[in-house]
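> Can you read through this structure? Questions will come right after.
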Amino acid sequence: MIEIFRNMWRRKFRSFLTIFGIAIGIFAFTVMGSMALKFNKMIDGGKRYITGQISISPKGTSYTGGAGSATLPLNTMNEIANVDGVDKVGALVQLNVEEPNPDEASFSMGPMPTIYGMDYNSDYKNRNWETMDMKEGEMVGKGDADNVVAVGINIATDKKLEVGDTWTIRGKDFKVKGILEKTMTGPDDYVFMAITPARQMLIDSNPFLKSLQEQADKASQISDDSLAALPAATRDQIKQAKMFNVEDINSMAGVSWKNGFDNEKVSQEIKNKFGDKVIVLSPQKMGEQIDKASATFNAVIFGSAILALIVGLFSVVNTMVMSISERTKEIGIKKAIGASPGSIAREYTFEAGVIGLIGGLVGLGLGYIMIVIVNARMASQGAEIFLVDRNFFIEVVVFAFIIGMIAGVIPALRASKLKVVDAIREL
C-alpha cells in the first residue's frame, strides 16, 4: 500500500488529474442518484396509495379541486357501493391549501400543499395505507370537531406549526391536533381535515358552485304557498335550486373491494355501469403507468451519471498505461527477482482501484456537501430534492473502487506480460 501511494506521489500531477476525473463522475453519480432515490421514494409512496384503492372521479374535474364544476354526487357513490365486489366507498375532497393568485406565477419542486377532506363517518380505508404514523399529537378522525386538522411534516416545517397552534386556511381558523411522521411522499404536504369544511372551501373556490349554493339558500326561504303562486318557468328554476345538496360536492372517492374479489374485475364492473358519469382508475393500470414513468426518469438520471463515470474510467486507463510504460524497468527487475505475472497484475489492478477509491471519496464528499446545502435551503419550503441514504453512499464508494480496478485490468495484464529481456533493454 505504501508503495502504491509513493508511485502516485511521484506522478502527483497526473494522479491528481485522474482522481479529479473520477471525482467528477462520482460527484454526478452521487447527486443524481440521491435525486433519483428521493423521486423513487415519492413514487413508491404514491404507488402504494393508488394501488390500495379503486379511484373514482367525476368526468371534467381534477384531483386538486376547483378546476371544474363537475362533482361526484352522493347518489352515485351509493350506487357504486352496491356493485358486486365493492366493500366500502369513501368520499374525498381535495384542493390546494393556498388560494391561487392569478397575478403570480407559481412553481414547486414537489407536490403542492393539499387539503385532504375525509368523511369521518365512513368506514372506508385504503387497503395499503390504513393508518398514518404521527410525529407529534394525534391523527384526526371520528369524534373530532370540524375545525381540527392534522398536517404533514413539510407543511408543519414551512408554516412553523406545532401541536395546539391555530392556523388560518383560506380564511378559516383550524387547530393543529397532530403532525405526521415524514413519509417522503404525498402526505408530507397534506392537511387532513373533516370533509364538511373542505367541501365549503371547494364551493367557495369555484364561482359556479358558489352561485348554486347561493341560489339554493334563497330558494329554501321560499314557502310552498309562495312557490305555487309563481309562474311555471320560475317554479322549475327554484325547484332545481332546492335540489342542490352540499353532500354532493365531492372531488373524488376511494373504493375498496371485498376479500376474494379481483380489483381489476371490480374496476371494470364499475366502469361498465357508470362509465358515462365517472372516471375509474384501476389499481393495476395505475401501478403500471407509475412504473413506466419511474423507469424513464431513472434511465435519464443514471444514464447521465454513467456518462460522467465513463470519462473518469478512461482517465484511469490512460494514467495506468502511461505509468506502466514509465515503469518498464521496475517491472523487469521485479520479474527478474521472481515476481510472478499474477502478482504484478494484481498489484497494478489494485493500484488502479486505490485511485478510483480516492476519487470516489472526493466525489462523494463534494456531492454530499452539495446535497446538504441544497436540502437545507429547500427545507424551509418543505421541498428537499435529495434523499440522504447511508447505504447508497457506501455503494458509491465501493462502486468507485470497482470502477478503478476494472479500468486498471487491461494495463495490469499488459504489465504482467512484459518479458524480462524487453525490460532489460530499457536499463
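A note on labels: chains of the C-alpha cells are A, B, ... as shown, every chain counts residues from 1, and ligands are counted from 1 in their shown order.
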For Met132 of chain A, find every residue with an atom within 10 Å (counting only C-alpha atoms), except residues of its own chain fewer than 2 positions away, and show them as a PDB file with C-alpha atoms, in the first residue's frame.

ATOM      1  CA  TRP A 129     -52.424   2.688   3.822  1.00  0.00           C
ATOM      2  CA  GLU A 130     -54.892   2.250   6.666  1.00  0.00           C
ATOM      3  CA  MET A 134     -47.557  10.533  13.862  1.00  0.00           C
ATOM      4  CA  LYS A 135     -44.515  12.589  14.835  1.00  0.00           C
ATOM      5  CA  GLU A 138     -52.840  12.511  17.049  1.00  0.00           C
ATOM      6  CA  MET A 139     -54.470  11.909  13.677  1.00  0.00           C
ATOM      7  CA  LEU A 180     -47.467  13.367  10.673  1.00  0.00           C
ATOM      8  CA  GLU A 181     -44.177  11.477  10.608  1.00  0.00           C
ATOM      9  CA  LYS A 182     -42.148  12.019   7.453  1.00  0.00           C
ATOM     10  CA  THR A 183     -43.205   9.681   4.652  1.00  0.00           C
ATOM     11  CA  PRO A 187     -48.922  13.027   2.955  1.00  0.00           C
TER      12      PRO A 187
END
> Could you give me, as a PyMOL selection string, the residues within 7 Å of segment 239-256 of chain A, counting only C-alpha atoms and dropping anything in the same chain fewer than 2 positions from it?
chain A and resi 53-58+63+65+71-74+86-94+126-127+199+212-213+215-216+219-220+235-237+258
> Could you save those same residues with N, CA and C atoms as a short mmCIF file (atom, residue, chain, number, x, y, z; two decimals), in the first residue's frame?

data_model
loop_
_atom_site.label_atom_id
_atom_site.label_comp_id
_atom_site.auth_asym_id
_atom_site.auth_seq_id
_atom_site.Cartn_x
_atom_site.Cartn_y
_atom_site.Cartn_z
N GLN A 53 -56.54 1.20 -3.65
CA GLN A 53 -57.94 1.57 -3.81
C GLN A 53 -58.28 1.68 -5.29
N ILE A 54 -59.56 1.64 -5.57
CA ILE A 54 -60.06 1.99 -6.90
C ILE A 54 -60.45 3.46 -6.80
N SER A 55 -59.82 4.30 -7.61
CA SER A 55 -60.06 5.74 -7.52
C SER A 55 -61.17 6.16 -8.49
N ILE A 56 -62.12 6.89 -7.98
CA ILE A 56 -63.26 7.35 -8.77
C ILE A 56 -63.28 8.88 -8.76
N SER A 57 -63.41 9.48 -9.92
CA SER A 57 -63.55 10.94 -10.00
C SER A 57 -64.59 11.27 -11.08
N PRO A 58 -65.31 12.38 -10.90
CA PRO A 58 -66.31 12.75 -11.90
C PRO A 58 -65.64 13.25 -13.17
N TYR A 63 -57.98 16.36 -9.58
CA TYR A 63 -57.72 15.93 -8.22
C TYR A 63 -57.43 17.08 -7.27
N GLY A 65 -59.01 19.87 -7.24
CA GLY A 65 -60.27 20.55 -6.94
C GLY A 65 -60.31 21.96 -7.47
N THR A 71 -68.71 17.37 -10.04
CA THR A 71 -68.55 16.78 -8.71
C THR A 71 -69.08 15.37 -8.72
N LEU A 72 -68.86 14.67 -7.62
CA LEU A 72 -69.28 13.28 -7.51
C LEU A 72 -70.46 13.21 -6.54
N PRO A 73 -71.69 13.10 -7.05
CA PRO A 73 -72.89 13.11 -6.19
C PRO A 73 -72.94 11.94 -5.22
N LEU A 74 -73.60 12.16 -4.11
CA LEU A 74 -73.75 11.13 -3.09
C LEU A 74 -74.50 9.92 -3.62
N VAL A 86 -67.67 -4.65 -4.38
CA VAL A 86 -67.29 -3.42 -3.69
C VAL A 86 -67.52 -3.58 -2.19
N ASP A 87 -66.54 -3.18 -1.40
CA ASP A 87 -66.66 -3.27 0.05
C ASP A 87 -67.15 -1.95 0.63
N LYS A 88 -66.33 -0.89 0.55
CA LYS A 88 -66.69 0.42 1.08
C LYS A 88 -66.35 1.50 0.05
N VAL A 89 -67.07 2.61 0.15
CA VAL A 89 -66.82 3.79 -0.69
C VAL A 89 -66.64 4.98 0.24
N GLY A 90 -65.53 5.69 0.07
CA GLY A 90 -65.27 6.85 0.91
C GLY A 90 -65.17 8.12 0.09
N ALA A 91 -65.97 9.12 0.45
CA ALA A 91 -65.94 10.41 -0.26
C ALA A 91 -64.72 11.20 0.18
N LEU A 92 -64.13 11.91 -0.77
CA LEU A 92 -62.95 12.72 -0.51
C LEU A 92 -63.09 14.07 -1.20
N VAL A 93 -62.54 15.09 -0.58
CA VAL A 93 -62.48 16.41 -1.20
C VAL A 93 -61.03 16.88 -1.15
N GLN A 94 -60.48 17.25 -2.31
CA GLN A 94 -59.11 17.73 -2.38
C GLN A 94 -59.06 19.08 -3.08
N ASN A 126 -58.08 2.79 2.83
CA ASN A 126 -57.20 2.35 1.75
C ASN A 126 -56.55 1.04 2.18
N ARG A 127 -56.57 0.04 1.32
CA ARG A 127 -56.08 -1.29 1.71
C ARG A 127 -54.58 -1.31 2.00
N ARG A 199 -65.42 20.74 1.90
CA ARG A 199 -66.47 20.94 0.88
C ARG A 199 -66.78 22.42 0.72
N LEU A 212 -74.49 28.26 -7.23
CA LEU A 212 -75.53 27.26 -6.98
C LEU A 212 -75.94 27.24 -5.52
N GLN A 213 -74.96 27.32 -4.64
CA GLN A 213 -75.27 27.31 -3.21
C GLN A 213 -76.09 28.54 -2.81
N GLN A 215 -78.06 30.31 -4.71
CA GLN A 215 -79.41 30.15 -5.23
C GLN A 215 -80.22 29.17 -4.39
N ALA A 216 -79.56 28.09 -3.94
CA ALA A 216 -80.24 27.10 -3.11
C ALA A 216 -80.65 27.71 -1.77
N ALA A 219 -83.64 29.85 -2.44
CA ALA A 219 -84.80 29.02 -2.77
C ALA A 219 -85.39 28.37 -1.52
N SER A 220 -84.53 28.02 -0.57
CA SER A 220 -85.01 27.35 0.64
C SER A 220 -85.88 28.26 1.50
N ARG A 235 -90.99 28.53 -11.15
CA ARG A 235 -91.12 27.42 -10.20
C ARG A 235 -90.09 26.33 -10.50
N ASP A 236 -89.92 26.02 -11.79
CA ASP A 236 -88.95 24.97 -12.17
C ASP A 236 -87.53 25.35 -11.77
N GLN A 237 -87.17 26.62 -11.97
CA GLN A 237 -85.83 27.07 -11.61
C GLN A 237 -85.60 26.96 -10.10
N LYS A 258 -63.94 -6.28 -1.73
CA LYS A 258 -64.06 -7.37 -0.75
C LYS A 258 -62.96 -8.41 -0.96
#
> Using DSSP on the backbone coordinates, identify the residues of segment 223-291 of chain A assigned to strand (DSSP E or B); present them as a ChimeraX atom specification.
/A:252-257,278-281
> When DSSP is applied to the backbone of this structure, which of segment 243-366 of chain A are assigned alpha helix (DSSP H)? Write them out as a ChimeraX atom specification.
/A:263-274,283-326,328-336,341-366
> Identify, on the basis of only C-alpha atoms, every residue whose closest approach to Lys285 of chain A does not exceed 9 Å; exclude the query and any residue fewer than 4 positions from it along the same chain; express the result as a list in words.
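Contacts, with the query itself left out: Thr51, Glu264, Leu281, Gln289 and Ile290 of chain A.
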> Closest to Asn375 of chain A among A:Val388, A:Ile203, A:Ile169, A:Ala70, using only C-alpha atoms?
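Checking each candidate against Asn375 of chain A, we get A:Val388 as the closest.
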> Which residues are close to segment 349-365 of chain A, i.e. within 6 Å by only C-alpha atoms, leaving aside same-chain residues fewer than 3 positions away? Reply as an NGL selection string.
:A and (4 or 19 or 22-24 or 26-27 or 346 or 368 or 397 or 400-401 or 404-405 or 408-409 or 412)
> Store the residues picked out above in a file with N, CA and C atoms, as a tab-separated table (two decimals), in the first residue's frame.

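This went into part.tsv:
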chain	number	residue	atom	x	y	z
A	4	ILE	N	2.21	1.93	-3.36
A	4	ILE	CA	1.20	2.49	-4.26
A	4	ILE	C	1.11	4.00	-4.10
A	19	ILE	N	-7.59	11.39	-10.46
A	19	ILE	CA	-8.51	11.39	-9.31
A	19	ILE	C	-9.61	12.42	-9.52
A	22	ILE	N	-12.23	10.98	-11.90
A	22	ILE	CA	-13.11	10.04	-11.19
A	22	ILE	C	-14.04	10.79	-10.24
A	23	ALA	N	-13.50	11.80	-9.54
A	23	ALA	CA	-14.30	12.56	-8.57
A	23	ALA	C	-15.49	13.25	-9.24
A	24	ILE	N	-15.27	13.80	-10.43
A	24	ILE	CA	-16.36	14.48	-11.15
A	24	ILE	C	-17.46	13.48	-11.49
A	26	ILE	N	-18.11	10.57	-9.96
A	26	ILE	CA	-18.77	10.12	-8.73
A	26	ILE	C	-19.63	11.23	-8.14
A	27	PHE	N	-19.16	12.47	-8.27
A	27	PHE	CA	-19.97	13.61	-7.82
A	27	PHE	C	-21.32	13.62	-8.53
A	346	ARG	N	-2.05	-8.23	-10.20
A	346	ARG	CA	-2.84	-7.86	-9.02
A	346	ARG	C	-2.38	-6.52	-8.45
A	368	TYR	N	-21.97	15.13	-1.30
A	368	TYR	CA	-22.67	15.21	-0.02
A	368	TYR	C	-22.80	16.66	0.44
A	397	VAL	N	-18.99	4.43	-2.96
A	397	VAL	CA	-17.55	4.30	-2.72
A	397	VAL	C	-17.04	2.95	-3.23
A	400	ALA	N	-16.88	3.03	-6.94
A	400	ALA	CA	-15.73	3.77	-7.45
A	400	ALA	C	-14.47	2.91	-7.41
A	401	PHE	N	-14.32	2.14	-6.33
A	401	PHE	CA	-13.16	1.25	-6.22
A	401	PHE	C	-13.19	0.19	-7.31
A	404	GLY	N	-12.39	1.66	-10.70
A	404	GLY	CA	-10.95	1.86	-10.85
A	404	GLY	C	-10.24	0.56	-11.18
A	405	MET	N	-10.62	-0.53	-10.50
A	405	MET	CA	-9.99	-1.82	-10.76
A	405	MET	C	-10.29	-2.32	-12.17
A	408	GLY	N	-8.22	-0.62	-14.56
A	408	GLY	CA	-6.81	-0.99	-14.48
A	408	GLY	C	-6.50	-2.40	-14.94
A	409	VAL	N	-7.51	-3.19	-15.27
A	409	VAL	CA	-7.29	-4.59	-15.64
A	409	VAL	C	-6.43	-4.72	-16.89
A	412	ALA	N	-2.88	-3.60	-16.37
A	412	ALA	CA	-2.22	-4.53	-15.47
A	412	ALA	C	-1.84	-5.82	-16.19
> Counting only C-alpha atoms, which residue out of A:Tyr190, A:Phe297, A:Phe302, A:Phe392 sits closest to Met112 of chain A?
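Among the listed residues, A:Tyr190 lies closest to Met112 of chain A.
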> Can you tell me which residues surround Ala28 of chain A at a distance of at most 10 Å, considering only C-alpha atoms, apart from same-chain residues fewer than 2 positions away, and format the answer as a ChimeraX atom specification?
/A:23-26,30-34,301-302,304-309,363-364,366-367
> Expressed in Å to a single decimal, how great is the separation between atom CA of Ala145 of chain A and atom CA of Gly52 of chain A?
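Computed distance, atom CA of Ala145 of chain A to atom CA of Gly52 of chain A, equals 27.7 Å.
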> For a quick check of understanding, using only C-alpha atoms, which of A:Asn96, A:Ser340, A:Asn154, A:Ser211 has the smallest distance to Thr185 of chain A?
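Under the stated criterion, the closest residue is A:Asn154.
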> Taking only C-alpha atoms into account, which of A:Ile410, A:Ile153, A:Ile344, A:Ile270 comes nearest Met184 of chain A?
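Once distances to Met184 of chain A are computed over only C-alpha atoms, the minimum belongs to A:Ile153.
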> Find, counting only C-alpha atoms, the residue in A:Tyr49, A:Ile406, A:Asp217, A:Met201 that gets nearest to Asn128 of chain A.
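Of A:Tyr49, A:Ile406, A:Asp217, A:Met201, the one nearest Asn128 of chain A is A:Tyr49, counting only C-alpha atoms.
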> Could you give me, as a list in words, the residues within 12 Å of Asp84 of chain A, counting only C-alpha atoms and dropping anything in the same chain fewer than 5 positions from it?
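Near Asp84 of chain A, the qualifying residues are Glu79, Ser256, Trp257, Lys258, Asn259, Gly260, Phe261, Asp262, Asn263, Lys265, Val266, Ser267, Gln268, Glu269, Ile270 and Lys273 of chain A.
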> Write out the residues from the selection above, keeping N, CA and C atoms, as a short mmCIF file (atom, residue, chain, number, x, y, z; two decimals), in the first residue's frame.

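As a result, selection-v8.cif now contains:
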data_model
loop_
_atom_site.label_atom_id
_atom_site.label_comp_id
_atom_site.auth_asym_id
_atom_site.auth_seq_id
_atom_site.Cartn_x
_atom_site.Cartn_y
_atom_site.Cartn_z
N GLU A 79 -74.70 4.16 -5.29
CA GLU A 79 -74.94 3.14 -6.32
C GLU A 79 -73.68 2.32 -6.57
N SER A 256 -62.86 0.43 -1.91
CA SER A 256 -62.16 -0.79 -1.54
C SER A 256 -62.98 -1.99 -2.01
N TRP A 257 -62.31 -3.10 -2.18
CA TRP A 257 -63.00 -4.30 -2.68
C TRP A 257 -62.97 -5.40 -1.61
N LYS A 258 -63.94 -6.28 -1.73
CA LYS A 258 -64.06 -7.37 -0.75
C LYS A 258 -62.96 -8.41 -0.96
N ASN A 259 -62.58 -9.06 0.12
CA ASN A 259 -61.60 -10.14 0.04
C ASN A 259 -62.10 -11.24 -0.90
N GLY A 260 -61.18 -11.74 -1.72
CA GLY A 260 -61.54 -12.81 -2.65
C GLY A 260 -61.97 -12.29 -4.02
N PHE A 261 -62.12 -10.97 -4.16
CA PHE A 261 -62.51 -10.39 -5.44
C PHE A 261 -61.28 -9.78 -6.13
N ASP A 262 -61.25 -9.87 -7.44
CA ASP A 262 -60.19 -9.28 -8.25
C ASP A 262 -60.49 -7.79 -8.43
N ASN A 263 -59.58 -6.92 -7.98
CA ASN A 263 -59.86 -5.49 -8.07
C ASN A 263 -60.00 -5.00 -9.50
N LYS A 265 -61.41 -6.69 -11.98
CA LYS A 265 -62.77 -7.04 -12.41
C LYS A 265 -63.80 -6.11 -11.77
N VAL A 266 -63.57 -5.76 -10.50
CA VAL A 266 -64.47 -4.83 -9.82
C VAL A 266 -64.40 -3.46 -10.49
N SER A 267 -63.18 -3.03 -10.84
CA SER A 267 -63.00 -1.75 -11.52
C SER A 267 -63.73 -1.73 -12.85
N GLN A 268 -63.62 -2.84 -13.59
CA GLN A 268 -64.27 -2.93 -14.90
C GLN A 268 -65.79 -2.92 -14.76
N GLU A 269 -66.29 -3.55 -13.69
CA GLU A 269 -67.73 -3.58 -13.46
C GLU A 269 -68.26 -2.18 -13.17
N ILE A 270 -67.51 -1.41 -12.38
CA ILE A 270 -67.89 -0.02 -12.09
C ILE A 270 -67.86 0.80 -13.37
N LYS A 273 -70.88 0.14 -15.64
CA LYS A 273 -72.16 0.67 -15.18
C LYS A 273 -72.18 2.19 -15.08
#
> Considering only C-alpha atoms, can you say which of A:Val396, A:Leu230, A:Met286, A:Ala299 comes closest to Gly46 of chain A?
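Among the listed residues, the smallest separation from Gly46 of chain A belongs to A:Met286.
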> In Å to one decimal, how far is atom CA of Val151 of chain A from atom CA of Pro113 of chain A?
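If I compute the distance from atom CA of Pro113 of chain A to atom CA of Val151 of chain A, I get 9.8 Å.
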